[in-house]
There are 2 protein chains.
Amino acid sequence: MDNPDIAEAPERGRLKMADIARMAGVSISTVSRALAGNPLIPKTLRDQIVEIAQTHGYVVNQSARSLRLRKTDTIGVIIPLAHEAGQLISDPFFLEMVGRLADEITRRNYSVLLNKVIVTEAGWLDRIIQSHRADGLVLIGQSTQHTALNTVADSYKPMVVWGAQLPGQRYCAVGSDNVEGGRLAVTHLAAQGRKRIAFLGAVDAPEAAQRFEGYKKGLAEAGIAFDPALVVPTPYTLEDAQVAVAAFLAEGAPFDAAFAFSDVIALAAIGALSEAGKSAPGDVAVGGFDDNVLARHSAPPLTTIRQDLAFGARAMVDLLFRRMAGEDAAGVLAPVELIVRGSSV
Amino acid sequence: MDNPDIAEAPERGRLKMADIARMAGVSISTVSRALAGNPLIPKTLRDQIVEIAQTHGYVVNQSARSLRLRKTDTIGVIIPLAHEAGQLISDPFFLEMVGRLADEITRRNYSVLLNKVIVTEAGWLDRIIQSHRADGLVLIGQSTQHTALNTVADSYKPMVVWGAQLPGQRYCAVGSDNVEGGRLAVTHLAAQGRKRIAFLGAVDAPEAAQRFEGYKKGLAEAGIAFDPALVVPTPYTLEDAQVAVAAFLAEGAPFDAAFAFSDVIALAAIGALSEAGKSAPGDVAVGGFDDNVLARHSAPPLTTIRQDLAFGARAMVDLLFRRMAGEDAAGVLAPVELIVRGSSV
DNA sequence: CTGAAAGCGCTAACAC
DNA sequence: GTGTTAGCGCTTTCAG
C-alpha cells in the first residue's frame with residue numbers, strides 16, 4: 001500500500017509509539033502489541049502497523065522498554081584488570097575471547113556491553129550489577145577476586161566466570177584444565193631429554209597457580225627435582241616479559257627448557273633467547289599455553305597447550321542463559337591438548 | 001559512622017532511590033542531587049547520603065536514568081559484515097581495533113556496546129540509531145554501505161566510520177592512506193628487482209580498491225606494465241585465502257612478488273607457497289598491510305604497511321565526542337609507513 | 001479485540 | 001536548601 005500518512009510524520013529522529021499510533025489511527029497499546037507480534041491483534045492490522053513503523057524508521061526505544069520490563073537484552077562482558085589502570089585491552093587471549101563471546105551472544109539476539117574494570121576498590125562488581133545495564137555477566141578471568149566473586153555469587157545468579165575451578169568456589173566457573181596442561185607440557189619437554197625446565201610466568205593468579213602445579217607434577221612424574229631457582233616471575237605483556245626473561249638469562253640459573261604461562265610469554269622467551277645469541281629449540285626447548293593465532297605462525301612455530309576458546313565461550317554463554325532462566329547450572333572444566341611444534345623438538 | 005539504618009534495608013538487589021531517601025530521611029530529589037554531586041546539597045548531607053547508598057550497594061538504575069536524560073553514556077561499536085551471516089569476529093584487525101576503541105571509550109567513562117550486524121537489509125543502521133541504545137556510533141569499516149552511510153549521515157551526526165575517504169562522502173571517516181600504502185609496498189618490491197608483482201585480495205570494498213589503486217600507481221612509477229592476470233581475488237580469512245592463492249599458484253600466471261591486502265592474506269600466501277615447495281622471499285617476495293601482531297612474529301617476519309590503530313581509534317573517538325557536542329568535525333587521513341622485514345628481502 | 005491508565009526509576013523545573 | 005510533581009517512552013493489567 002502507499003502511505004497516506006506521510007504528511008503527519010513528525011520530524012525524523014524522535015518518533016515515539018504515540019506517533020505511530022496516531023498515524024495508524026489506533027491506541028498506543030495496540031501499536032505496542034502489534035510491534036511485539038501479539039496475536040491478539042489481527043494479522044492485517046498488525047502488518048499495517050509494522051509497515052507504518054518501518055516506513056517512518058520507527059524503532060522501540062530500548063531505555064523505556066528496559067525500564068518497564070526490567071530486562072535489557074544485554075550481556076555484560078567484563079575484563080577485570082587487577083593492576084595498571086592504564087593497561088590496554090590488547091592481549092590476544094582477551095581479544096579472541098571477546099570475539100568468541102560476542103559471536104555467541106549475538107547469535108542469541110542479545111547485545112554485548114564491553115566493560116574494562118580496574119578491580120581496585122571493593123564493590124566494583126556490585127556497582128555493575130546494580131546499574132542494571134545487563135541481564136547477565138561474563139567475567140573473563142577471576143583475577144585476584146576469588147573471595148569477592150564468592151560473596152557476590154550468593155545473591156546474584158546470572159554470572160559466569162572464566163577461570164580456574166577452586167576449592168570452596170560458589171560462583172559458576174568455566175576454564176581449562178590448567179593442571180593437566182602444565183603436566184602435559186612438562187612431560188613433553190622432559191621426554192625430549194631436557195632436565196632443567198624453567199617455569200615462566202606469575203604464580204599468584206589462580207590459573208597461573210594451577211599451571212605451576214601441573215608443572216611441578218610433570219617434573220615429579222619425570223623424576224626431576226623441583227628447583228625454585230628455575231621459577232621466573234614475568235609480567236603478562238610480551239615486551240615486559242621479554243625483559244624479565246633476558247634478565248634471567250643474564251643472571252639466573254642455567255636451563256635447557258621452559259614452560260611458559262602463555263604463548264605471549266613463550267614468544268617473549270624466544271625473543272630474549274635470540275637476543276642473547278641462543279636459539280629455541282637448540283639451546284632451550286620452549287612450550288607455551290593457549291595456542292593462539294601467534295603460535296601457529298611464529299618462528300619457530302610454538303609447542304603449546306591448546307585451550308579451545310570457541311568451546312569455552314559457548315559453554316559460558318550456554319550456562320549463563322540457563323542461569324538467567326533460573327537454573328542453578330554448575331561450571332565446566334574444559335579439556336586441553338598438547339600441540340607439538342618446532343619450538344620444542 | 002556506623003549504620004543505624006540496617007534494619008530498614010529492603011531485600012538486597014532491588015534497591016531504588018526511594019529506599020535510600022527513606023533511610024536518609026530526605027526526599028528522593030535530595031538523594032538524586034546528592035548522588036550527582038550537586039553542590040546545592042551541603043557537603044555533609046551529601047556525604048552522608050553517598051555513604052548510605054554505598055553501604056547498601058545502591059547504584060542508580062541506568063535504564064531509568066537514560067530514559068529520563070535521553071542519554072545513555074554508551075558508544076555503539078559496530079562491525080558491519082557484508083556477507084556470511086555466520087562469520088565470526090576473529091580477524092586480528094577487527095579485534096585489535098575493538099580493543100583500542102574500548103580503551104579510548106572507557107577512558108572517557110562511557111560504555112561500549114558491541115554490535116555485529118549483517119548489513120543485508122536496508123535500514124539496519126536506522127534501526128540501531130532509533131533504538132537509542134547509544135549516544136554515538138563508531139563503525140569499523142564501511143563495507144558495501146557507502147550510499148547508506150551518506151543518507152544516514154545527513155540526519156544523524158554522532159557517527160564516525162573507519163574506512164576510505166571517498167568522493168562525495170558526507171559522513172565522517174577516519175582511515176589510512178591506502179593508496180600511498182599500496183604505492184609504497186609495490187615500490188619497495190620493485191626496488192628488490194621484482195618484475196611480476198601480484199595483487200592479492202578483493203578489489204570491491206573501498207579500502208581494497210584504494211590499495212589496488214596504489215598498487216597500480218607503484219607499478220607505473222616503477223615502469224612495470226599492469227597485468228590483470230596478476231590480480232588474484234581472495235577471501236579475507238587466512239584459511240580461505242590460502243586456498244585461493246594455492247589455486248593461483250597451481251594454475252595462474254607466474255609471479256615473483258605479491259602485495260597482499262592484509263597481513264592475514266600475506267601469511268596465507270606464505271603458507272600456500274611453502275605448501276607448493278616454494279619460499280618467501282626466495283621465490284616470491286611478499287608484502288602485507290596492517291602490521292598486526294602476527295607480522296612481527298611470523299616466519300619469515302612480514303614486510304608490511306603499518307596502520308597505526310591506536311592513533312586511528314583515538315582519532316575516531318575524539319571526532320565522535322566532538323560531533324556529539326554538536327561540532328561538525330571532519331574526517332582524518334592517517335599516515336602509513338613501510339616496514340621492511342624478512343619476507344621481501 | 002481494543003483502549004485507558006498505572007507505573008517501571010529517575011531528573012529537574014517549579015514551588016516553598 | 002529541600003520537597004512536590006510532571007514526565008521520559010514503554011508494556012500490561014483491567015475494563016469494556
# chains A, B, ... in the order shown; residues from 1 in each chain; ligands from 1
>>> residues_around(residues="C:DC8", least_positions_apart="2", cutoff="12 Å", atoms="only C-alpha atoms (C1' of nucleotides)", output="list in words")
Ser63, Ala64, Arg65, Ser66, Leu67, Arg68, Leu69, Arg70 and Lys71 of chain A; Lys16, Asn61, Ser63, Ala64, Arg65, Leu67 and Arg68 of chain B; DA6 and DC10 of chain C; DC8, DG9, DC10, DT11 and DT12 of chain D
>>> residues_around(residues="B:Ile52", least_positions_apart="2", cutoff="9 Å", atoms="only C-alpha atoms (C1' of nucleotides)", output="mmCIF file with N, CA and C atoms, in the first residue's frame")
data_model
loop_
_atom_site.group_PDB
_atom_site.id
_atom_site.type_symbol
_atom_site.label_atom_id
_atom_site.label_comp_id
_atom_site.auth_asym_id
_atom_site.auth_seq_id
_atom_site.Cartn_x
_atom_site.Cartn_y
_atom_site.Cartn_z
ATOM 1 N N ASN B 3 26.046 2.183 61.138
ATOM 2 C CA ASN B 3 24.865 2.279 60.314
ATOM 3 C C ASN B 3 23.580 2.046 61.095
ATOM 4 N N ASP B 5 20.666 2.305 60.047
ATOM 5 C CA ASP B 5 19.526 2.069 59.174
ATOM 6 C C ASP B 5 19.406 0.618 58.748
ATOM 7 N N ILE B 20 16.726 4.674 49.544
ATOM 8 C CA ILE B 20 17.824 5.453 50.112
ATOM 9 C C ILE B 20 17.255 6.723 50.753
ATOM 10 N N MET B 23 15.778 5.892 54.079
ATOM 11 C CA MET B 23 16.834 5.642 55.070
ATOM 12 C C MET B 23 17.492 6.940 55.524
ATOM 13 N N ALA B 24 17.688 7.837 54.595
ATOM 14 C CA ALA B 24 18.385 9.075 54.939
ATOM 15 C C ALA B 24 17.429 10.105 55.520
ATOM 16 N N ASP B 47 27.617 13.723 51.636
ATOM 17 C CA ASP B 47 28.486 12.606 52.003
ATOM 18 C C ASP B 47 27.715 11.531 52.755
ATOM 19 N N GLN B 48 26.840 11.983 53.613
ATOM 20 C CA GLN B 48 26.019 11.055 54.379
ATOM 21 C C GLN B 48 25.194 10.159 53.448
ATOM 22 N N ILE B 49 24.570 10.813 52.494
ATOM 23 C CA ILE B 49 23.715 10.075 51.558
ATOM 24 C C ILE B 49 24.528 9.112 50.708
ATOM 25 N N VAL B 50 25.665 9.600 50.208
ATOM 26 C CA VAL B 50 26.537 8.743 49.415
ATOM 27 C C VAL B 50 26.955 7.525 50.243
ATOM 28 N N GLN B 54 26.276 3.648 49.424
ATOM 29 C CA GLN B 54 27.391 2.730 49.271
ATOM 30 C C GLN B 54 27.234 1.509 50.190
ATOM 31 N N THR B 55 26.916 1.792 51.425
ATOM 32 C CA THR B 55 26.752 0.700 52.389
ATOM 33 C C THR B 55 25.758 -0.333 51.894
ATOM 34 N N HIS B 56 24.704 0.163 51.279
ATOM 35 C CA HIS B 56 23.655 -0.754 50.854
ATOM 36 C C HIS B 56 23.837 -1.221 49.415
ATOM 37 N N GLY B 57 24.939 -0.814 48.815
ATOM 38 C CA GLY B 57 25.210 -1.255 47.456
ATOM 39 C C GLY B 57 24.235 -0.689 46.447
ATOM 40 N N TYR B 58 23.723 0.517 46.746
ATOM 41 C CA TYR B 58 22.786 1.101 45.798
ATOM 42 C C TYR B 58 23.521 1.804 44.664
#
>>> select_by_dssp(residues="stretch 42-270 of chain A", states="strand (DSSP E or B)", output="PyMOL selection string")
chain A and resi 74-81+111-118+136-140+159-162+172-176+197-200+231-232+257-260
>>> write_last_selection(atoms="N, CA and C atoms", output="compact mmCIF listing (two decimals), in the first residue's frame")
# COMPACT_ATOMS: atom_id res chain seq x y z
N THR A 74 20.74 -7.58 27.17
CA THR A 74 22.16 -7.27 27.04
C THR A 74 22.96 -8.12 28.02
N ILE A 75 24.12 -8.60 27.56
CA ILE A 75 25.03 -9.33 28.43
C ILE A 75 26.28 -8.47 28.63
N GLY A 76 26.67 -8.31 29.85
CA GLY A 76 27.90 -7.57 30.14
C GLY A 76 29.10 -8.50 30.07
N VAL A 77 30.08 -8.13 29.27
CA VAL A 77 31.32 -8.90 29.20
C VAL A 77 32.38 -8.07 29.92
N ILE A 78 32.92 -8.62 30.96
CA ILE A 78 33.79 -7.84 31.83
C ILE A 78 35.22 -8.34 31.79
N ILE A 79 36.14 -7.42 31.58
CA ILE A 79 37.56 -7.73 31.63
C ILE A 79 38.12 -7.10 32.89
N PRO A 80 38.32 -7.93 33.92
CA PRO A 80 38.81 -7.38 35.18
C PRO A 80 40.33 -7.21 35.13
N LEU A 81 40.79 -6.02 35.42
CA LEU A 81 42.23 -5.78 35.46
C LEU A 81 42.63 -5.54 36.90
N SER A 111 22.65 -8.14 23.08
CA SER A 111 23.74 -7.21 22.82
C SER A 111 24.88 -7.46 23.80
N VAL A 112 26.04 -6.99 23.43
CA VAL A 112 27.23 -7.15 24.25
C VAL A 112 27.66 -5.80 24.80
N LEU A 113 27.72 -5.70 26.10
CA LEU A 113 28.23 -4.49 26.72
C LEU A 113 29.62 -4.80 27.25
N LEU A 114 30.62 -4.17 26.64
CA LEU A 114 32.01 -4.47 26.98
C LEU A 114 32.47 -3.58 28.11
N ASN A 115 33.06 -4.18 29.12
CA ASN A 115 33.38 -3.46 30.34
C ASN A 115 34.79 -3.75 30.79
N LYS A 116 35.66 -2.78 30.73
CA LYS A 116 37.01 -2.97 31.24
C LYS A 116 37.03 -2.35 32.63
N VAL A 117 37.25 -3.12 33.67
CA VAL A 117 37.22 -2.53 35.01
C VAL A 117 38.50 -2.78 35.79
N ILE A 118 38.88 -1.77 36.50
CA ILE A 118 40.01 -1.88 37.42
C ILE A 118 39.42 -2.31 38.76
N GLY A 136 22.86 -10.25 32.46
CA GLY A 136 23.76 -11.30 32.91
C GLY A 136 25.19 -10.85 32.66
N LEU A 137 26.13 -11.52 33.31
CA LEU A 137 27.52 -11.08 33.28
C LEU A 137 28.46 -12.24 32.97
N VAL A 138 29.41 -11.98 32.09
CA VAL A 138 30.50 -12.92 31.88
C VAL A 138 31.79 -12.21 32.28
N LEU A 139 32.53 -12.79 33.19
CA LEU A 139 33.82 -12.21 33.55
C LEU A 139 34.93 -13.01 32.88
N ILE A 140 35.81 -12.33 32.19
CA ILE A 140 36.93 -13.03 31.57
C ILE A 140 38.10 -13.02 32.55
N MET A 159 25.66 -15.05 36.45
CA MET A 159 27.06 -14.66 36.27
C MET A 159 27.88 -15.90 36.02
N VAL A 160 28.78 -15.82 35.04
CA VAL A 160 29.69 -16.92 34.74
C VAL A 160 31.09 -16.34 34.62
N VAL A 161 32.05 -17.08 35.13
CA VAL A 161 33.42 -16.57 35.19
C VAL A 161 34.35 -17.51 34.42
N TRP A 162 35.21 -16.96 33.60
CA TRP A 162 36.27 -17.77 33.03
C TRP A 162 37.41 -17.85 34.03
N CYS A 172 29.89 -19.75 39.35
CA CYS A 172 29.95 -20.66 38.22
C CYS A 172 31.17 -20.35 37.36
N ALA A 173 32.10 -21.30 37.28
CA ALA A 173 33.32 -21.04 36.53
C ALA A 173 33.52 -22.03 35.39
N VAL A 174 33.99 -21.51 34.29
CA VAL A 174 34.38 -22.33 33.15
C VAL A 174 35.85 -22.06 32.90
N GLY A 175 36.61 -23.11 32.72
CA GLY A 175 38.03 -22.88 32.47
C GLY A 175 38.70 -24.15 32.00
N SER A 176 39.92 -24.00 31.55
CA SER A 176 40.66 -25.15 31.06
C SER A 176 41.25 -25.94 32.21
N ILE A 197 64.16 -27.55 33.53
CA ILE A 197 62.99 -26.93 32.89
C ILE A 197 62.49 -25.76 33.73
N ALA A 198 62.52 -24.57 33.16
CA ALA A 198 62.09 -23.37 33.89
C ALA A 198 60.59 -23.15 33.76
N PHE A 199 60.03 -22.47 34.75
CA PHE A 199 58.63 -22.02 34.65
C PHE A 199 58.62 -20.52 34.49
N LEU A 200 57.95 -20.03 33.45
CA LEU A 200 57.92 -18.60 33.14
C LEU A 200 56.52 -18.04 33.34
N VAL A 231 62.14 -20.95 38.72
CA VAL A 231 60.84 -20.28 38.60
C VAL A 231 61.09 -18.80 38.33
N VAL A 232 60.67 -18.36 37.15
CA VAL A 232 60.95 -16.99 36.72
C VAL A 232 59.66 -16.17 36.67
N ALA A 257 65.15 -25.85 29.06
CA ALA A 257 63.77 -25.88 28.59
C ALA A 257 62.96 -24.89 29.40
N ALA A 258 61.83 -24.48 28.84
CA ALA A 258 60.97 -23.55 29.58
C ALA A 258 59.52 -23.81 29.24
N PHE A 259 58.70 -23.84 30.28
CA PHE A 259 57.26 -23.90 30.09
C PHE A 259 56.71 -22.54 30.51
N ALA A 260 56.06 -21.86 29.56
CA ALA A 260 55.57 -20.51 29.83
C ALA A 260 54.07 -20.52 30.10
>>> residues_around(residues="B:Ala222", least_positions_apart="4", cutoff="12 Å", atoms="only C-alpha atoms (C1' of nucleotides)", output="list in words")
Arg183, Leu184, Ala185, Val186, Thr187, His188, Leu189, Ala190, Ala191, Gln192, Gly193, Arg194, Lys195, Arg196, Ile197, Tyr215, Lys216, Lys217, Gly218 and Phe226 of chain B
>>> write_last_selection(atoms="N, CA and C atoms", output="PDB file, in the first residue's frame")
ATOM      1  N   ARG B 183      51.171   2.002  -2.896  1.00  0.00           N
ATOM      2  CA  ARG B 183      52.275   2.502  -3.703  1.00  0.00           C
ATOM      3  C   ARG B 183      53.616   2.174  -3.041  1.00  0.00           C
ATOM      4  N   LEU B 184      53.726   2.465  -1.748  1.00  0.00           N
ATOM      5  CA  LEU B 184      54.973   2.202  -1.006  1.00  0.00           C
ATOM      6  C   LEU B 184      55.376   0.736  -1.094  1.00  0.00           C
ATOM      7  N   ALA B 185      54.402  -0.132  -0.898  1.00  0.00           N
ATOM      8  CA  ALA B 185      54.694  -1.563  -0.896  1.00  0.00           C
ATOM      9  C   ALA B 185      55.229  -2.007  -2.256  1.00  0.00           C
ATOM     10  N   VAL B 186      54.540  -1.596  -3.302  1.00  0.00           N
ATOM     11  CA  VAL B 186      54.936  -2.040  -4.638  1.00  0.00           C
ATOM     12  C   VAL B 186      56.274  -1.434  -5.043  1.00  0.00           C
ATOM     13  N   THR B 187      56.463  -0.168  -4.683  1.00  0.00           N
ATOM     14  CA  THR B 187      57.740   0.477  -4.971  1.00  0.00           C
ATOM     15  C   THR B 187      58.883  -0.307  -4.324  1.00  0.00           C
ATOM     16  N   HIS B 188      58.644  -0.717  -3.079  1.00  0.00           N
ATOM     17  CA  HIS B 188      59.664  -1.490  -2.363  1.00  0.00           C
ATOM     18  C   HIS B 188      59.935  -2.829  -3.051  1.00  0.00           C
ATOM     19  N   LEU B 189      58.851  -3.515  -3.436  1.00  0.00           N
ATOM     20  CA  LEU B 189      59.033  -4.818  -4.093  1.00  0.00           C
ATOM     21  C   LEU B 189      59.779  -4.655  -5.416  1.00  0.00           C
ATOM     22  N   ALA B 190      59.402  -3.619  -6.151  1.00  0.00           N
ATOM     23  CA  ALA B 190      60.065  -3.366  -7.433  1.00  0.00           C
ATOM     24  C   ALA B 190      61.546  -3.063  -7.212  1.00  0.00           C
ATOM     25  N   ALA B 191      61.837  -2.345  -6.125  1.00  0.00           N
ATOM     26  CA  ALA B 191      63.223  -1.986  -5.832  1.00  0.00           C
ATOM     27  C   ALA B 191      64.067  -3.219  -5.522  1.00  0.00           C
ATOM     28  N   GLN B 192      63.415  -4.314  -5.151  1.00  0.00           N
ATOM     29  CA  GLN B 192      64.145  -5.564  -4.935  1.00  0.00           C
ATOM     30  C   GLN B 192      64.387  -6.291  -6.257  1.00  0.00           C
ATOM     31  N   GLY B 193      64.028  -5.637  -7.353  1.00  0.00           N
ATOM     32  CA  GLY B 193      64.257  -6.246  -8.656  1.00  0.00           C
ATOM     33  C   GLY B 193      63.121  -7.135  -9.123  1.00  0.00           C
ATOM     34  N   ARG B 194      61.997  -7.135  -8.388  1.00  0.00           N
ATOM     35  CA  ARG B 194      60.874  -7.983  -8.802  1.00  0.00           C
ATOM     36  C   ARG B 194      60.110  -7.289  -9.927  1.00  0.00           C
ATOM     37  N   LYS B 195      59.670  -8.101 -10.865  1.00  0.00           N
ATOM     38  CA  LYS B 195      59.013  -7.546 -12.046  1.00  0.00           C
ATOM     39  C   LYS B 195      57.550  -7.969 -12.149  1.00  0.00           C
ATOM     40  N   ARG B 196      57.279  -9.188 -11.689  1.00  0.00           N
ATOM     41  CA  ARG B 196      55.919  -9.713 -11.823  1.00  0.00           C
ATOM     42  C   ARG B 196      55.273  -9.742 -10.439  1.00  0.00           C
ATOM     43  N   ILE B 197      54.675  -8.608 -10.110  1.00  0.00           N
ATOM     44  CA  ILE B 197      54.150  -8.401  -8.761  1.00  0.00           C
ATOM     45  C   ILE B 197      52.635  -8.610  -8.749  1.00  0.00           C
ATOM     46  N   TYR B 215      48.664   0.142  -5.743  1.00  0.00           N
ATOM     47  CA  TYR B 215      49.442  -0.927  -6.374  1.00  0.00           C
ATOM     48  C   TYR B 215      49.727  -0.581  -7.841  1.00  0.00           C
ATOM     49  N   LYS B 216      48.702  -0.151  -8.542  1.00  0.00           N
ATOM     50  CA  LYS B 216      48.887   0.204  -9.956  1.00  0.00           C
ATOM     51  C   LYS B 216      49.776   1.436 -10.108  1.00  0.00           C
ATOM     52  N   LYS B 217      49.597   2.372  -9.202  1.00  0.00           N
ATOM     53  CA  LYS B 217      50.423   3.573  -9.213  1.00  0.00           C
ATOM     54  C   LYS B 217      51.894   3.201  -9.020  1.00  0.00           C
ATOM     55  N   GLY B 218      52.141   2.310  -8.062  1.00  0.00           N
ATOM     56  CA  GLY B 218      53.507   1.870  -7.794  1.00  0.00           C
ATOM     57  C   GLY B 218      54.117   1.182  -9.007  1.00  0.00           C
ATOM     58  N   PHE B 226      50.961  -2.882 -15.952  1.00  0.00           N
ATOM     59  CA  PHE B 226      49.940  -3.570 -15.160  1.00  0.00           C
ATOM     60  C   PHE B 226      49.430  -4.778 -15.919  1.00  0.00           C
TER      61      PHE B 226
END
>>> decode(residues="chain D", atoms="N, CA and C atoms (P, O5', C5', C4', C3', O3' and C1' of nucleotides)", output="mmCIF file, in the first residue's frame")
data_model
loop_
_atom_site.group_PDB
_atom_site.id
_atom_site.type_symbol
_atom_site.label_atom_id
_atom_site.label_comp_id
_atom_site.auth_asym_id
_atom_site.auth_seq_id
_atom_site.Cartn_x
_atom_site.Cartn_y
_atom_site.Cartn_z
ATOM 1 P P DG D 1 22.346 27.272 51.238
ATOM 2 O "O5'" DG D 1 21.509 26.105 50.950
ATOM 3 C "C5'" DG D 1 21.378 24.868 50.576
ATOM 4 C "C4'" DG D 1 20.374 24.241 51.528
ATOM 5 C "C3'" DG D 1 20.036 22.812 51.221
ATOM 6 O "O3'" DG D 1 19.506 22.214 52.396
ATOM 7 C "C1'" DG D 1 18.213 24.192 50.591
ATOM 8 P P DT D 2 19.259 20.709 52.530
ATOM 9 O "O5'" DT D 2 17.809 20.510 51.946
ATOM 10 C "C5'" DT D 2 16.710 20.506 52.859
ATOM 11 C "C4'" DT D 2 15.451 20.424 52.054
ATOM 12 C "C3'" DT D 2 15.187 19.066 51.404
ATOM 13 O "O3'" DT D 2 14.143 18.479 52.146
ATOM 14 C "C1'" DT D 2 14.569 20.900 50.011
ATOM 15 P P DG D 3 13.647 17.026 51.924
ATOM 16 O "O5'" DG D 3 12.261 17.282 51.172
ATOM 17 C "C5'" DG D 3 11.317 18.128 51.787
ATOM 18 C "C4'" DG D 3 10.200 18.433 50.818
ATOM 19 C "C3'" DG D 3 9.591 17.190 50.166
ATOM 20 O "O3'" DG D 3 8.179 17.360 50.185
ATOM 21 C "C1'" DG D 3 10.252 18.741 48.509
ATOM 22 P P DT D 4 7.207 16.165 49.861
ATOM 23 O "O5'" DT D 4 6.283 16.805 48.748
ATOM 24 C "C5'" DT D 4 6.192 18.213 48.606
ATOM 25 C "C4'" DT D 4 5.493 18.539 47.282
ATOM 26 C "C3'" DT D 4 4.724 17.373 46.642
ATOM 27 O "O3'" DT D 4 3.576 17.929 46.010
ATOM 28 C "C1'" DT D 4 6.402 18.096 45.158
ATOM 29 P P DT D 5 2.506 17.035 45.254
ATOM 30 O "O5'" DT D 5 3.087 17.149 43.772
ATOM 31 C "C5'" DT D 5 3.230 18.441 43.184
ATOM 32 C "C4'" DT D 5 3.726 18.301 41.757
ATOM 33 C "C3'" DT D 5 3.045 17.178 40.962
ATOM 34 O "O3'" DT D 5 2.740 17.702 39.686
ATOM 35 C "C1'" DT D 5 5.376 16.931 40.811
ATOM 36 P P DA D 6 1.614 17.022 38.817
ATOM 37 O "O5'" DA D 6 2.254 17.145 37.367
ATOM 38 C "C5'" DA D 6 3.017 18.312 37.038
ATOM 39 C "C4'" DA D 6 4.073 17.936 36.017
ATOM 40 C "C3'" DA D 6 3.574 16.949 34.951
ATOM 41 O "O3'" DA D 6 4.136 17.352 33.723
ATOM 42 C "C1'" DA D 6 5.472 16.063 35.997
ATOM 43 P P DG D 7 3.523 16.849 32.370
ATOM 44 O "O5'" DG D 7 3.449 15.258 32.674
ATOM 45 C "C5'" DG D 7 3.916 14.335 31.697
ATOM 46 C "C4'" DG D 7 5.400 14.552 31.451
ATOM 47 C "C3'" DG D 7 5.974 13.433 30.587
ATOM 48 O "O3'" DG D 7 6.832 13.989 29.613
ATOM 49 C "C1'" DG D 7 7.053 13.464 32.714
ATOM 50 P P DC D 8 6.895 13.395 28.187
ATOM 51 O "O5'" DC D 8 8.260 12.578 28.201
ATOM 52 C "C5'" DC D 8 9.528 13.201 28.130
ATOM 53 C "C4'" DC D 8 10.572 12.128 28.284
ATOM 54 C "C3'" DC D 8 10.237 10.851 27.529
ATOM 55 O "O3'" DC D 8 10.916 10.880 26.274
ATOM 56 C "C1'" DC D 8 10.968 10.394 29.792
ATOM 57 P P DG D 9 10.098 10.762 24.916
ATOM 58 O "O5'" DG D 9 9.751 9.216 24.860
ATOM 59 C "C5'" DG D 9 10.796 8.273 24.793
ATOM 60 C "C4'" DG D 9 10.221 6.905 25.027
ATOM 61 C "C3'" DG D 9 9.047 6.541 24.112
ATOM 62 O "O3'" DG D 9 9.377 5.327 23.490
ATOM 63 C "C1'" DG D 9 8.531 6.068 26.364
ATOM 64 P P DC D 10 8.413 4.472 22.616
ATOM 65 O "O5'" DC D 10 7.942 3.329 23.613
ATOM 66 C "C5'" DC D 10 8.869 2.295 23.913
ATOM 67 C "C4'" DC D 10 8.476 1.599 25.188
ATOM 68 C "C3'" DC D 10 7.359 0.580 25.024
ATOM 69 O "O3'" DC D 10 7.971 -0.691 24.822
ATOM 70 C "C1'" DC D 10 7.145 1.904 27.029
ATOM 71 P P DT D 11 7.071 -1.907 24.349
ATOM 72 O "O5'" DT D 11 6.375 -2.362 25.713
ATOM 73 C "C5'" DT D 11 7.167 -3.090 26.651
ATOM 74 C "C4'" DT D 11 6.302 -3.484 27.822
ATOM 75 C "C3'" DT D 11 5.259 -4.555 27.512
ATOM 76 O "O3'" DT D 11 5.306 -5.422 28.635
ATOM 77 C "C1'" DT D 11 4.204 -2.675 28.468
ATOM 78 P P DT D 12 4.634 -6.870 28.602
ATOM 79 O "O5'" DT D 12 3.360 -6.704 29.544
ATOM 80 C "C5'" DT D 12 3.544 -6.202 30.866
ATOM 81 C "C4'" DT D 12 2.208 -5.865 31.442
ATOM 82 C "C3'" DT D 12 1.106 -6.856 31.060
ATOM 83 O "O3'" DT D 12 0.318 -7.063 32.216
ATOM 84 C "C1'" DT D 12 0.415 -4.690 30.577
ATOM 85 P P DT D 13 -0.083 -8.575 32.559
ATOM 86 O "O5'" DT D 13 -1.622 -8.509 33.000
ATOM 87 C "C5'" DT D 13 -1.879 -8.431 34.377
ATOM 88 C "C4'" DT D 13 -2.361 -7.018 34.758
ATOM 89 C "C3'" DT D 13 -3.846 -7.052 35.070
ATOM 90 O "O3'" DT D 13 -4.039 -6.792 36.445
ATOM 91 C "C1'" DT D 13 -3.236 -5.218 33.657
ATOM 92 P P DC D 14 -5.360 -7.397 37.165
ATOM 93 O "O5'" DC D 14 -6.486 -6.367 36.699
ATOM 94 C "C5'" DC D 14 -6.250 -4.962 36.804
ATOM 95 C "C4'" DC D 14 -7.300 -4.231 35.986
ATOM 96 C "C3'" DC D 14 -8.664 -4.924 35.982
ATOM 97 O "O3'" DC D 14 -9.626 -3.993 36.427
ATOM 98 C "C1'" DC D 14 -8.009 -4.303 33.794
ATOM 99 P P DA D 15 -11.110 -4.470 36.900
ATOM 100 O "O5'" DA D 15 -12.025 -3.587 35.949
ATOM 101 C "C5'" DA D 15 -11.457 -3.222 34.722
ATOM 102 C "C4'" DA D 15 -12.205 -2.112 34.017
ATOM 103 C "C3'" DA D 15 -13.697 -2.368 33.783
ATOM 104 O "O3'" DA D 15 -14.310 -1.136 33.454
ATOM 105 C "C1'" DA D 15 -12.468 -2.824 31.798
ATOM 106 P P DG D 16 -15.914 -1.087 33.175
ATOM 107 O "O5'" DG D 16 -16.029 -1.385 31.609
ATOM 108 C "C5'" DG D 16 -15.961 -0.303 30.683
ATOM 109 C "C4'" DG D 16 -15.864 -0.881 29.304
ATOM 110 C "C3'" DG D 16 -17.181 -1.481 28.787
ATOM 111 O "O3'" DG D 16 -17.617 -0.746 27.657
ATOM 112 C "C1'" DG D 16 -15.305 -2.809 28.257
#
